[in-house]
Amino acid sequence: MINSSEFKLSEKTNLYYKAEDILKDGSYKLKEEEKTLLEKTDIVYRALCAILYNFAPLSGHPGGSISSGRIAASLAYKVMDYDFKDPDLKEADSLSYAAGHKALGLYAMSALRNEIVRTYLPDLLAAENRQLRLEDLLGFRKSPAAGTSLFKKFNSKALDGHPVPITPFVKLSTGASGIGVGSSIGLGLAAACSYKGNTPRVNIIEGEGGLTAGRSAEALAIASAAGLDNVVLHLDWNQASIDSEKVTADKSGRGDYTAWTPAELFYINGFNVIEVSDGFDFTQIYAAQKFAYNLNNGCPTAIVYKTIKGWRYGIEGKASHGSGHKFASDGFYKAMAEFEEAFGVKMPRFEGEMTPDNIEKCFWDFLLKVREVIGNRAEVFKPMAEMIKASKERLAALGRKFGGPDIEGVYNIKEWQTPSEFKFEAGTAHALRTVMGSALGYISEHTGGSLLVSSADLSGSTGAGAIAKAFAKGFYNKYKNPDCKYIAGGGICEDGISSVMSGVSAYGTHIGVAASYAAFTSAMMHTQARLHAIGQQCWKEATGEPERTFVIFTGHAGLQTGEDGPTHADPQALQLIMEDFPKGAAITLTPLDGNDVWPLLSAALAKRPAVLYPVVSRPNVKVLDRAALGADSPEAAAKGVYRICRSAKADPDGVIVLQGPGVGEIFCSSVLPELKKKGLELNVYYVASRELFMALDEREREEIFPYKDMRKAIAVTDFTLPTMYCWLKSKDGARFSLYPFMQGKYMTSGKAEDVYKEAHLDAKGQLEKIEAYIEALKAGKWE
């Protein structure tokens with residue numbers, strides 16, 4: 001018989017509280033008159049949520065937007081320290097909707113706040129493009145291509161179904177479950193590294209469904225290890241998801257999805273926990289939030305609010321998760337009744353044909369009624385405007401001072417001379433993972449620690465540890481090791497570290513670097529990269545400022561990782577990134593040798609892509625003797641494609657396109673000499689970055705790699721054949737190309753040279769197929 005009483009949790013430094021006990025102190029009591037004002041304002045907010053769902057059209061998530069509304073309102077009006085006039089101020093507290101499906105609520109809250117300020121304290125307004133007006137709500141879930149009359153007349157913002165930085169105060173794109181928790185924690189990490197001692201608070205709104213994603217638990221562990229007590233996660237615990245009315249465990253037993261309660265999950269991950277038994281009671285909400293702001297014990301804090309999804313909307317629980325009342329239905333008008341009664345108004349009724357313009361006109365009539373109420377009830381809404389003004393005054397009194405790095409210096413390294421450390425003698429051998437990590441480390445060191453890096457328990461193996469080498473050793477902690485630039489990633493947690501590091505980059509003071517094997521970075525970090533790229537596109541559009549780069553460091557790529565077998569020696573990774581983003585959003589780097597690394601990095605960073613994806617290998621690679629081959633200089637790598645050798649003939653005997661250090665070294669050291677002995681004249685190109693090449697104008701591209709050469713080219717690559725299609729402009733080019741899957745299977749484990757031999761990519765395999773290709777050309781059997 002096992003005595004279960006023997007089991008106890010290990011001793012924790014984090015703390016547990018209940019809001020009711022905090023209120024007994026008396027120091028965190030909300031004034032009764034302020035509570036009344038917040039209650040009145042919440043009626044308007046919930047009406048806006050219902051209106052948005054009704055008109056947009058029947059889309060969004062009204063239930064969770066409503067259940068989280070009072071949590072957000074208390075933060076926005078009473079707790080956060082920020083400047084409403086400057087939504088992009090880094091030293092201000094922020095509110096991040098990790099629960100991206102609550103966007104409807106975010107827009108309602110933002111527009112309501114803006115309208116209150118516009119009416120009573122217009123001097124606090126930001127420039128119009130950085131406001132979210134009532135007029136902008138006409139663009140909820142609407143494409144600019146929709147072209148309805150008022151949408152065009154008011155120049156309304158196109159508000160995505162999940163929030164992006166087009167919306168003021170929104171710093172990143174969330175939506176995919178769990179990623180918003182990590183990326184929002186990344187904001188908190190960057191803030192902690194930029195404002196030491198007086199750190200901006202990052203408030204995160206999430207629902208329990210967002211905690212069920214494994215990457216959320218990974219991110220919580222990262223926040224705890226880093227000591228981010230400036231992070232406060234506000235959990236709208238309503239127990240309703242699409243399929244369940246009991247997502248997690250509670251007092252009645254385990255949940256449909258988890259055996260933990262949210263409080264248990266947070267506590268075991270090192271968070272202070274505050275439980276709010278009534279998530280609609282502003283008194284409890286305010287007390288918990290103000291108390292959390294005064295906790296500075298080196299632990300992040302989670303406030304768990306017990307709520308009801310769809311509260312007072314007329315549809316509650318999972319039925320309100322992704323849907324609500326039918327358009328202009330009795331249920332919708334009943335949802336308006338509380339607003340009508342509270343403010344003595346009658347909302348319009350939809351009449352006429354169901355045309356887009358007619359629906360939009362009625363939508364605007366509803367919003368005008370909201371504007372009328374705000375303008376006519378100064379006794380309610382002017383004090384709310386004063387609360388917003390007070391947040392700016394509190395921020396000014398804090399006197400937060402930036403103490404971060406020179407981030408702009410990172411993007412200007414193209415103006416630097418190539419450091420001597422990254423100029424290598426021909427014939428010497430260097431591991432590209434080490435060279436790339438050291439180059440990024442050099443950049444970070446000379447810009448004051450601009451790169452924060454986290455690796456999947458592989459900092460030495462991937463080479464990523466070199467990025468933080470010049471700074472304090474060990475792992476970063478806000479209090480114990482604040483000068484360290486290496487972030488404990490929670491272990492083998494590619495999902496978590498990439499979520500957090502993408503948020504670091506989005507904050508704008510540092511570049512976040514997430515590292516692992518290519519087999520895992522490309523797949524497990526892809527969604528995070530995509531969301532970051534979406535967010536940065538919107539950031540640039542909204543502010544006119546350039547994008548902020550997130551680096552996915554792939555320290556082990558391709559068949560050269562042979563001993564680990566096909567699960568790790570992955571030729572597919574590049575294909576998942578290359579051409580999978582809008583032009584310019586992501587740049588991949590595939591250096592051939594150590595001399596390619598610095599020119600590639602400097603050129604890529606100057607482009608400021610949202611995602612930088614350097615693909616580097618594990619074993620040593622011999623440095624090319626460019627002079628002996630007649631190859632272009634290392635600086636030519638910055639163009640993305642350069643020549644390894646050039647035929648003396650106007651019409652060469654063959655054209656070879658190489659990509660990848662494994663096949664590249666074999667070809668240059670063993671295959672090319674044999675082909676030259678046979679008197680063959682070849683044009684040989686190396687692809688160091690397809691995206692850098694495509695960023696050149698058409699004339700320059702033609703000069704570097706003429707189309708006529710592409711017409712007769714074949715590829716030799718460490719990666720998959722589709723990554724080379726862009727260079728192959730003939731029917732037969734792909735047929736004669738060499739790539740890891742030529743045999744129609746994954747390779748087995750073994751030394752790199754044996755795996756290349758198995759794939760027929762060794763010198764013998766390359767030579768045989770290239771000779772067959774040249775024979776086909778000579779015989780005129782080429783299409």
# chains A, B, ... in the order shown; residues from 1 in each chain; ligands from 1
>>> select_by_dssp(residues="segment 57-292 of chain A", states="strand (DSSP E or B)", output="number ranges by chain")
A: 94-97, 140, 159, 202-207, 231-237, 250, 253, 272-276
>>> closest_atom_pairs(of="segment 102-181 of chain A", to="segment 65-69 of chain A", cutoff="10 Å", atoms="only C-alpha atoms", output="CSV")
residue,atom,partner,partner_atom,distance
A:Lys102,CA,A:Ser65,CA,4.8
A:Ala103,CA,A:Ser65,CA,7.3
A:Leu104,CA,A:Ser65,CA,6.2
A:Gly105,CA,A:Ser65,CA,4.3
A:Leu106,CA,A:Ser65,CA,7.5
A:Tyr107,CA,A:Ser65,CA,9.7
A:Ala108,CA,A:Ser65,CA,8.9
A:Met109,CA,A:Gly69,CA,7.7
>>> write_last_selection(atoms="N, CA, C and O atoms", output="mmCIF file, in the first residue's frame")
data_model
loop_
_atom_site.group_PDB
_atom_site.id
_atom_site.type_symbol
_atom_site.label_atom_id
_atom_site.label_comp_id
_atom_site.auth_asym_id
_atom_site.auth_seq_id
_atom_site.Cartn_x
_atom_site.Cartn_y
_atom_site.Cartn_z
ATOM 1 N N LYS A 102 -10.699 36.925 -28.567
ATOM 2 C CA LYS A 102 -11.441 37.969 -27.860
ATOM 3 C C LYS A 102 -11.253 39.331 -28.538
ATOM 4 O O LYS A 102 -11.502 40.377 -27.924
ATOM 5 N N ALA A 103 -10.846 39.331 -29.809
ATOM 6 C CA ALA A 103 -10.590 40.574 -30.530
ATOM 7 C C ALA A 103 -11.809 41.484 -30.550
ATOM 8 O O ALA A 103 -11.690 42.710 -30.461
ATOM 9 N N LEU A 104 -12.982 40.899 -30.684
ATOM 10 C CA LEU A 104 -14.217 41.684 -30.668
ATOM 11 C C LEU A 104 -14.266 42.556 -29.409
ATOM 12 O O LEU A 104 -14.604 43.741 -29.462
ATOM 13 N N GLY A 105 -13.898 41.975 -28.278
ATOM 14 C CA GLY A 105 -13.869 42.734 -27.031
ATOM 15 C C GLY A 105 -12.780 43.782 -27.016
ATOM 16 O O GLY A 105 -12.976 44.900 -26.519
ATOM 17 N N LEU A 106 -11.609 43.438 -27.544
ATOM 18 C CA LEU A 106 -10.515 44.407 -27.626
ATOM 19 C C LEU A 106 -10.943 45.629 -28.425
ATOM 20 O O LEU A 106 -10.706 46.774 -28.017
ATOM 21 N N TYR A 107 -11.589 45.407 -29.576
ATOM 22 C CA TYR A 107 -12.009 46.533 -30.411
ATOM 23 C C TYR A 107 -13.094 47.356 -29.727
ATOM 24 O O TYR A 107 -13.076 48.589 -29.781
ATOM 25 N N ALA A 108 -14.036 46.679 -29.080
ATOM 26 C CA ALA A 108 -15.090 47.402 -28.371
ATOM 27 C C ALA A 108 -14.502 48.256 -27.254
ATOM 28 O O ALA A 108 -14.863 49.431 -27.089
ATOM 29 N N MET A 109 -13.586 47.674 -26.481
ATOM 30 C CA MET A 109 -12.954 48.404 -25.385
ATOM 31 C C MET A 109 -12.153 49.596 -25.901
ATOM 32 O O MET A 109 -12.212 50.706 -25.357
#
>>> residues_around(residues="segment 317-320 of chain A", least_positions_apart="3", cutoff="6 Å", atoms="only C-alpha atoms", output="PyMOL selection string")
chain A and resi 63+240-242+309-310+323-324
>>> closest_residue(among="A:Phe719, A:Phe553, A:Tyr17, A:Phe381", to="Tyr517 of chain A", atoms="only C-alpha atoms")
A:Phe553
>>> residues_around(residues="segment 253-263 of chain A", least_positions_apart="4", cutoff="8 Å", atoms="only C-alpha atoms", output="JSON, numbers by chain")
{"A": [208, 212, 237, 244, 246, 247, 248, 249, 267, 273, 275, 302, 304]}
>>> closest_atom_pairs(of="segment 373-448 of chain A", to="segment 34-43 of chain A", cutoff="10 Å", atoms="only C-alpha atoms", output="CSV")
residue,atom,partner,partner_atom,distance
A:Ile374,CA,A:Thr41,CA,9.4
A:Glu379,CA,A:Leu37,CA,8.9
A:Val380,CA,A:Leu37,CA,5.8
A:Phe381,CA,A:Thr41,CA,7.7
A:Lys382,CA,A:Leu37,CA,10.0
A:Pro383,CA,A:Leu37,CA,7.9
A:Met384,CA,A:Leu37,CA,7.3
A:Met387,CA,A:Glu34,CA,9.5
>>> residues_around(residues="Gly640 of chain A", least_positions_apart="5", cutoff="9 Å", atoms="only C-alpha atoms", output="list in words")
Leu589, Leu600, Tyr686, Val687, Ala688, Ser689, Arg690, Glu691, Leu692, Phe693, Met694 and Ala695 of chain A
